[in-house]
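Structure data follow from my_file00.cif (mmCIF, C-alpha atoms):
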```
data_run
loop_
_atom_site.label_atom_id
_atom_site.label_comp_id
_atom_site.auth_asym_id
_atom_site.auth_seq_id
_atom_site.Cartn_x
_atom_site.Cartn_y
_atom_site.Cartn_z
CA MET Z 6 8.04 10.04 2.29
CA LEU Z 7 6.06 8.80 5.27
CA ASP Z 8 6.46 5.10 6.05
CA PHE Z 9 2.77 4.21 6.31
CA ALA Z 10 3.40 0.62 7.44
CA ALA Z 11 5.52 1.83 10.37
CA ALA Z 12 2.96 4.52 11.20
CA ARG Z 13 0.22 1.86 11.20
CA ARG Z 14 2.13 -0.28 13.69
CA MET Z 15 2.74 2.74 15.91
CA MET Z 16 -0.97 3.61 15.78
CA VAL Z 17 -2.00 0.15 16.91
CA ASP Z 18 0.72 -0.23 19.53
CA GLY Z 19 0.64 3.33 20.88
CA GLN Z 20 -3.02 4.32 20.59
CA VAL Z 21 -5.10 1.15 20.46
CA ARG Z 22 -3.42 -1.59 22.51
CA THR Z 23 -2.70 0.88 25.32
CA ALA Z 24 -6.45 1.62 25.57
CA ASP Z 25 -7.26 -1.95 26.64
CA VAL Z 26 -8.25 -3.14 23.19
CA THR Z 27 -7.44 -6.85 23.24
CA ASP Z 28 -9.61 -8.35 20.47
CA ARG Z 29 -7.06 -10.09 18.24
CA ARG Z 30 -9.25 -10.02 15.14
CA LEU Z 31 -9.81 -6.29 15.53
CA LEU Z 32 -6.13 -5.58 16.16
CA GLY Z 33 -5.23 -7.69 13.13
CA ALA Z 34 -7.66 -5.78 10.92
CA MET Z 35 -6.26 -2.43 12.01
CA LEU Z 36 -2.69 -3.64 11.45
CA GLU Z 37 -3.47 -4.90 7.96
CA LEU Z 38 -5.74 -2.22 6.50
CA PRO Z 39 -3.98 0.76 4.88
CA ARG Z 40 -5.89 3.61 6.56
CA GLU Z 41 -4.21 6.14 4.28
CA ARG Z 42 -6.26 4.73 1.36
CA PHE Z 43 -9.37 6.26 2.95
CA PHE Z 44 -7.96 9.80 2.93
CA PRO Z 45 -7.68 12.32 0.12
CA GLU Z 46 -4.12 12.24 -1.18
CA ASP Z 47 -3.29 15.63 0.29
CA LYS Z 48 -4.43 14.49 3.74
CA ALA Z 49 -2.87 11.03 3.81
CA SER Z 50 -0.24 12.17 6.33
CA LEU Z 51 -3.06 12.51 8.89
CA ALA Z 52 -4.11 8.88 8.61
CA TYR Z 53 -2.40 7.53 11.72
CA LEU Z 54 -2.61 10.52 14.05
CA ASP Z 55 -4.59 10.52 17.29
CA LEU Z 56 -7.38 12.79 16.08
CA ASP Z 57 -10.82 12.90 14.47
CA ALA Z 58 -9.70 13.44 10.88
CA ASN Z 59 -11.74 15.49 8.43
CA VAL Z 60 -11.85 13.56 5.14
CA SER Z 61 -14.33 15.76 3.27
CA GLU Z 62 -13.54 17.56 0.05
CA PRO Z 63 -12.94 21.34 0.30
CA GLY Z 64 -16.16 23.32 0.38
CA ARG Z 65 -18.28 20.43 1.68
CA ALA Z 66 -19.57 19.91 5.22
CA ALA Z 67 -16.90 18.36 7.41
CA ARG Z 68 -17.16 14.60 7.91
CA HIS Z 69 -14.69 12.78 10.10
CA LEU Z 70 -13.08 9.44 10.74
CA LEU Z 71 -13.07 8.80 14.48
CA LYS Z 72 -9.85 8.67 16.44
CA PRO Z 73 -8.41 5.15 16.06
CA MET Z 74 -8.64 4.52 19.81
CA VAL Z 75 -12.30 5.54 20.07
CA LEU Z 76 -13.21 3.54 16.98
CA ALA Z 77 -11.44 0.43 18.26
CA LYS Z 78 -13.02 0.58 21.71
CA LEU Z 79 -16.50 1.07 20.24
CA ILE Z 80 -16.10 -1.88 17.87
CA GLN Z 81 -14.71 -4.09 20.63
CA ALA Z 82 -17.69 -3.22 22.85
CA ALA Z 83 -20.08 -4.14 20.03
CA GLU Z 84 -18.79 -7.74 20.15
CA VAL Z 85 -19.04 -8.21 16.38
CA GLY Z 86 -19.18 -11.88 15.45
CA GLU Z 87 -18.16 -13.61 12.23
CA GLY Z 88 -21.76 -14.25 11.22
CA ASP Z 89 -23.09 -10.78 12.08
CA ARG Z 90 -24.81 -8.22 9.89
CA VAL Z 91 -23.62 -4.71 10.81
CA LEU Z 92 -24.73 -1.16 10.02
CA ASP Z 93 -21.84 1.31 10.03
CA LEU Z 94 -23.71 4.59 10.39
CA GLY Z 95 -21.88 7.73 9.29
CA CYS Z 96 -19.00 5.83 7.72
CA ALA Z 97 -17.53 8.87 5.90
CA SER Z 98 -14.77 7.56 3.59
CA GLY Z 99 -15.28 3.94 4.67
CA TYR Z 100 -12.33 3.00 6.88
CA SER Z 101 -14.57 1.82 9.71
CA THR Z 102 -16.64 -0.16 7.20
CA ALA Z 103 -13.48 -1.92 6.04
CA VAL Z 104 -12.47 -2.77 9.61
CA LEU Z 105 -15.93 -4.12 10.41
CA ALA Z 106 -15.93 -6.15 7.18
CA ARG Z 107 -12.90 -8.06 8.51
CA LEU Z 108 -14.96 -9.06 11.55
CA ALA Z 109 -18.53 -9.59 10.30
CA ALA Z 110 -20.36 -11.48 7.54
CA HIS Z 111 -21.88 -8.39 5.94
CA VAL Z 112 -21.56 -4.65 6.54
CA VAL Z 113 -23.60 -1.73 5.23
CA GLY Z 114 -21.85 1.64 5.46
CA LEU Z 115 -24.25 4.58 5.45
CA GLU Z 116 -23.11 8.06 4.48
CA GLN Z 117 -25.05 11.13 3.32
CA ASP Z 118 -22.21 12.88 1.46
CA GLU Z 119 -22.34 11.30 -2.00
CA ALA Z 120 -18.74 12.27 -2.78
CA LEU Z 121 -17.63 10.28 0.25
CA VAL Z 122 -19.90 7.38 -0.75
CA ARG Z 123 -18.02 7.21 -4.06
CA GLN Z 124 -14.66 7.51 -2.31
CA ALA Z 125 -15.51 4.78 0.18
CA SER Z 126 -16.85 2.45 -2.49
CA LEU Z 127 -13.68 2.85 -4.55
CA ALA Z 128 -11.46 2.21 -1.54
CA LEU Z 129 -13.35 -0.94 -0.54
CA SER Z 130 -13.31 -2.23 -4.12
CA GLY Z 131 -9.60 -1.47 -4.46
CA LEU Z 132 -8.86 -3.53 -1.37
CA GLY Z 133 -10.98 -6.44 -2.60
CA ILE Z 134 -13.52 -6.18 0.21
CA GLY Z 135 -16.63 -7.89 -1.14
CA ASN Z 136 -18.79 -8.29 1.96
CA ALA Z 137 -19.44 -4.58 2.47
CA LYS Z 138 -21.25 -1.89 0.54
CA VAL Z 139 -21.68 1.84 1.08
CA VAL Z 140 -25.06 3.50 0.50
CA ALA Z 141 -26.21 7.12 0.47
CA GLY Z 142 -28.98 8.43 2.68
CA PRO Z 143 -29.89 10.57 5.71
CA LEU Z 144 -27.97 9.25 8.70
CA ASP Z 145 -30.75 9.69 11.25
CA ARG Z 146 -33.00 7.26 9.35
CA GLY Z 147 -30.52 4.40 9.36
CA TRP Z 148 -30.84 1.83 6.59
CA PRO Z 149 -33.80 -0.46 7.38
CA ALA Z 150 -33.76 -2.12 3.94
CA ALA Z 151 -30.81 -4.33 4.92
CA GLY Z 152 -31.82 -4.87 8.55
CA PRO Z 153 -32.36 -6.03 11.11
CA TYR Z 154 -28.76 -5.86 12.28
CA ASP Z 155 -26.79 -7.68 14.93
CA ALA Z 156 -24.83 -4.48 15.58
CA ILE Z 157 -25.01 -0.79 14.70
CA VAL Z 158 -21.95 1.43 15.11
CA LEU Z 159 -22.40 5.22 15.07
CA GLN Z 160 -19.29 6.92 13.71
CA GLY Z 161 -19.78 10.10 15.70
CA ALA Z 162 -21.69 11.65 18.55
CA THR Z 163 -25.41 11.92 19.14
CA GLU Z 164 -27.04 14.30 21.62
CA ASN Z 165 -30.07 12.00 21.99
CA VAL Z 166 -30.47 8.35 22.91
CA PRO Z 167 -30.72 6.76 19.42
CA SER Z 168 -34.04 5.03 20.11
CA ALA Z 169 -35.21 5.69 16.53
CA LEU Z 170 -32.79 2.96 15.41
CA LEU Z 171 -34.27 0.36 17.79
CA SER Z 172 -36.44 -1.23 15.10
CA GLN Z 173 -33.35 -1.88 12.96
CA LEU Z 174 -31.70 -4.03 15.64
CA LYS Z 175 -32.33 -7.72 16.15
CA ASP Z 176 -33.42 -8.78 19.61
CA GLY Z 177 -30.18 -8.96 21.57
CA GLY Z 178 -28.52 -6.67 19.03
CA ARG Z 179 -25.96 -4.06 20.12
CA LEU Z 180 -25.61 -0.39 19.29
CA VAL Z 181 -22.52 1.64 20.21
CA CYS Z 182 -22.07 5.40 20.00
CA VAL Z 183 -20.78 8.49 21.75
CA LEU Z 184 -23.61 10.17 23.64
CA GLY Z 185 -23.37 13.91 24.32
CA ARG Z 186 -20.83 16.58 23.57
CA GLY Z 187 -18.10 18.23 25.59
CA ALA Z 188 -16.61 17.10 28.88
CA GLY Z 189 -19.58 14.97 29.90
CA ALA Z 190 -19.75 12.83 26.74
CA LYS Z 191 -19.66 9.05 27.15
CA ALA Z 192 -19.28 6.10 24.85
CA MET Z 193 -22.40 3.99 25.29
CA LEU Z 194 -23.34 0.36 24.70
CA TYR Z 195 -27.04 -0.27 24.07
CA ARG Z 196 -28.82 -3.59 23.65
CA ARG Z 197 -32.26 -4.36 22.32
CA ILE Z 198 -33.96 -6.51 24.92
CA GLU Z 199 -37.62 -7.49 24.41
CA GLY Z 200 -38.32 -4.42 22.31
CA GLU Z 201 -36.58 -1.94 24.62
CA LEU Z 202 -33.22 -0.20 24.33
CA SER Z 203 -31.14 -0.65 27.48
CA GLY Z 204 -27.82 1.19 27.74
CA ARG Z 205 -24.79 1.72 29.91
CA PRO Z 206 -21.69 3.94 29.68
CA ILE Z 207 -18.47 2.13 28.76
CA PHE Z 208 -15.79 4.84 28.66
CA ASP Z 209 -15.26 8.59 28.46
CA ALA Z 210 -15.09 9.77 24.87
CA ALA Z 211 -15.66 12.71 22.58
CA ALA Z 212 -16.51 12.75 18.88
CA PRO Z 213 -17.80 15.12 16.21
CA LEU Z 214 -21.58 15.35 16.11
CA LEU Z 215 -23.26 13.31 13.37
CA PRO Z 216 -25.60 15.22 11.03
CA GLY Z 217 -29.19 14.73 12.14
CA PHE Z 218 -28.30 13.73 15.69
CA ALA Z 219 -28.36 17.15 17.40
CA ARG Z 220 -30.78 17.72 20.24
CA VAL Z 221 -33.88 19.61 19.13
CA PRO Z 222 -34.20 22.78 21.25
CA ALA Z 223 -37.18 22.71 23.60
CA PHE Z 224 -39.89 25.24 22.83
CA VAL Z 225 -40.17 27.85 25.58
CA PHE Z 226 -43.31 29.93 26.00
#
```
Translate this structure into structure tokens?
Amino acid sequence: MLDFAAARRMMVDGQVRTADVTDRRLLGAMLELPRERFFPEDKASLAYLDLDANVSEPGRAARHLLKPMVLAKLIQAAEVGEGDRVLDLGCASGYSTAVLARLAAHVVGLEQDEALVRQASLALSGLGIGNAKVVAGPLDRGWPAAGPYDAIVLQGATENVPSALLSQLKDGGRLVCVLGRGAGAKAMLYRRIEGELSGRPIFDAAAPLLPGFARVPAFVF
């Protein structure tokens, strides 16, 4: 049987610390949280591998947990504070929501697959995490009812600058995501400054595309 505790330490030491993730609260959260609890039982062996892991039930559209390294670097760039309100957009089975809940005051995880919403809610409840909830809805609309947010974390790639989420950020709020697909994709840090979204690349990254975040093809006459 796989030693999950040892695998967790190896994930943090071999994948996360080596990628210049130095936030002690974040490292502590990833060391403590049993990531395997956010996987279907038959996929638990994938929990600590360096990959974007599909956690969807058979026959449903694939939804992924980001690679641990990419997730950690995005969260670190978002500079989540203890008093922050965070939207975890595309949370899938809720692991990222659990990590963020260790860092922030309140977290809303948004997922459109209702089976995963149930799975995530059960996992969070089972771990006694009371400052986070998971809601169901279209990802591209965000969750304005609980906003505005200090930080928004997209758990996947977008082919467009996510300006539609601007109104759900506080002034000075941060949004992190992977922009683009393929070799040219970049992890991005955006800030809302005086009603505008200003962004900069922070590292090379790739991630599965989030539903609703594909580029709309241009109409050609």
Run the PyMOL selection byres ((chain Z and resi 175) around 8) mentally over the shown coordinates, then write out the matched residues as a PyMOL selection string, using the chain letters and numbers from the document. chain Z and resi 153-155+172-174+176-178+197
Z:Arg146 surroundings by all atoms listed in the file, 12 Å radius, close-in-sequence under 2 positions cut, as a PyMOL selection string: chain Z and resi 92+94-95+115-117+141-144+148-150+167-173+216-218
Take the residues from that selection and write them out as a CSV table (one decimal), in the frame of the given file, keeping C-alpha atoms.
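The resulting file, result21.csv, is shown below:
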```
chain,number,residue,atom,x,y,z
Z,92,LEU,CA,-24.7,-1.2,10.0
Z,94,LEU,CA,-23.7,4.6,10.4
Z,95,GLY,CA,-21.9,7.7,9.3
Z,115,LEU,CA,-24.2,4.6,5.4
Z,116,GLU,CA,-23.1,8.1,4.5
Z,117,GLN,CA,-25.0,11.1,3.3
Z,141,ALA,CA,-26.2,7.1,0.5
Z,142,GLY,CA,-29.0,8.4,2.7
Z,143,PRO,CA,-29.9,10.6,5.7
Z,144,LEU,CA,-28.0,9.2,8.7
Z,148,TRP,CA,-30.8,1.8,6.6
Z,149,PRO,CA,-33.8,-0.5,7.4
Z,150,ALA,CA,-33.8,-2.1,3.9
Z,167,PRO,CA,-30.7,6.8,19.4
Z,168,SER,CA,-34.0,5.0,20.1
Z,169,ALA,CA,-35.2,5.7,16.5
Z,170,LEU,CA,-32.8,3.0,15.4
Z,171,LEU,CA,-34.3,0.4,17.8
Z,172,SER,CA,-36.4,-1.2,15.1
Z,173,GLN,CA,-33.4,-1.9,13.0
Z,216,PRO,CA,-25.6,15.2,11.0
Z,217,GLY,CA,-29.2,14.7,12.1
Z,218,PHE,CA,-28.3,13.7,15.7
```
Might you pull out every residue within 9 Å of stretch 121-123 of chain Z, with all atoms listed in the file counted and same-chain residues fewer than 4 positions away left off, and present them as number ranges by chain? Z: 60-62, 68, 96-99, 114-117, 127-128, 139-141
What would the file look like if the residues just selected were written as a PDB file, keeping the file's coordinate frame with C-alpha atoms?
```pdb
ATOM      1  CA  VAL Z  60     -11.850  13.560   5.140  1.00  0.00           C
ATOM      2  CA  SER Z  61     -14.330  15.760   3.270  1.00  0.00           C
ATOM      3  CA  GLU Z  62     -13.540  17.560   0.050  1.00  0.00           C
ATOM      4  CA  ARG Z  68     -17.160  14.600   7.910  1.00  0.00           C
ATOM      5  CA  CYS Z  96     -19.000   5.830   7.720  1.00  0.00           C
ATOM      6  CA  ALA Z  97     -17.530   8.870   5.900  1.00  0.00           C
ATOM      7  CA  SER Z  98     -14.770   7.560   3.590  1.00  0.00           C
ATOM      8  CA  GLY Z  99     -15.280   3.940   4.670  1.00  0.00           C
ATOM      9  CA  GLY Z 114     -21.850   1.640   5.460  1.00  0.00           C
ATOM     10  CA  LEU Z 115     -24.250   4.580   5.450  1.00  0.00           C
ATOM     11  CA  GLU Z 116     -23.110   8.060   4.480  1.00  0.00           C
ATOM     12  CA  GLN Z 117     -25.050  11.130   3.320  1.00  0.00           C
ATOM     13  CA  LEU Z 127     -13.680   2.850  -4.550  1.00  0.00           C
ATOM     14  CA  ALA Z 128     -11.460   2.210  -1.540  1.00  0.00           C
ATOM     15  CA  VAL Z 139     -21.680   1.840   1.080  1.00  0.00           C
ATOM     16  CA  VAL Z 140     -25.060   3.500   0.500  1.00  0.00           C
ATOM     17  CA  ALA Z 141     -26.210   7.120   0.470  1.00  0.00           C
TER      18      ALA Z 141
END
```
Z:Gly86, Z:Pro213, Z:Gly185, Z:Gly200: which is nearest Z:Asp28, counting all atoms listed in the file?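 Nearest to Z:Asp28: Z:Gly86.
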Applied to the shown file, which residues does the PyMOL selection byres ((chain Z and resi 74-78) around 9) return, written as a PyMOL selection string? chain Z and resi 16-17+20-26+31-32+35+55+70-73+79-83+101+160+192+208+210-212
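The two atoms in question, atom CA of Z:Ala10 and atom CA of Z:Pro39, are spaced 7.8 Å apart.
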I'd like the neighbourhood of Z:Asp209 as a PyMOL selection string, where a residue qualifies if any of its atoms comes within 10 Å (using all atoms listed in the file), though same-chain residues fewer than 2 positions away should be ignored. chain Z and resi 75+183-184+188-193+206-207+211
List the neighbours of Z:Leu194 out to 6 Å using all atoms listed in the file; skip same-chain residues closer than 2 positions along the sequence, and give me the result as JSON, numbers by chain. {"Z": [180, 181, 204, 205]}
Around the point (1.1, -4.0, 9.1) (coordinates from the file), which residues reach within 8 Å if we count all atoms listed in the file? Answer as a VMD selection string. chain Z and resid 10 to 11 13 to 14 36 to 38
Length of the atom CA of Z:Ala103 to atom CA of Z:Ile198 vector [Å]: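 So the two atoms, atom CA of Z:Ala103 and atom CA of Z:Ile198, lie 28.2 Å apart.
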Taking the point (-8.3, 6.7, -0.8) as given in the file, collect each protein or nucleic acid residue that comes within 9 Å of it, counting all atoms listed in the file, and present the set as JSON, numbers by chain. {"Z": [40, 41, 42, 43, 44, 45, 46, 49, 98, 124, 125, 127, 128]}
Test item: residues at most 9 Å from Z:Gly135, only C-alpha atoms, excluding those fewer than 3 positions along its chain, as a VMD selection string: chain Z and resid 106 111 129 to 130 132 138
Report the residues retrieved by the PyMOL selection byres ((chain Z and resi 89) around 7) from the displayed file, expressed as a ChimeraX atom specification. /Z:85-88,90-91,109-111,155
What is the distance between atom CA of Z:Asp18 and atom CA of Z:Cys182, in Å to one decimal?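 Between these atoms lies a distance of 23.5 Å.
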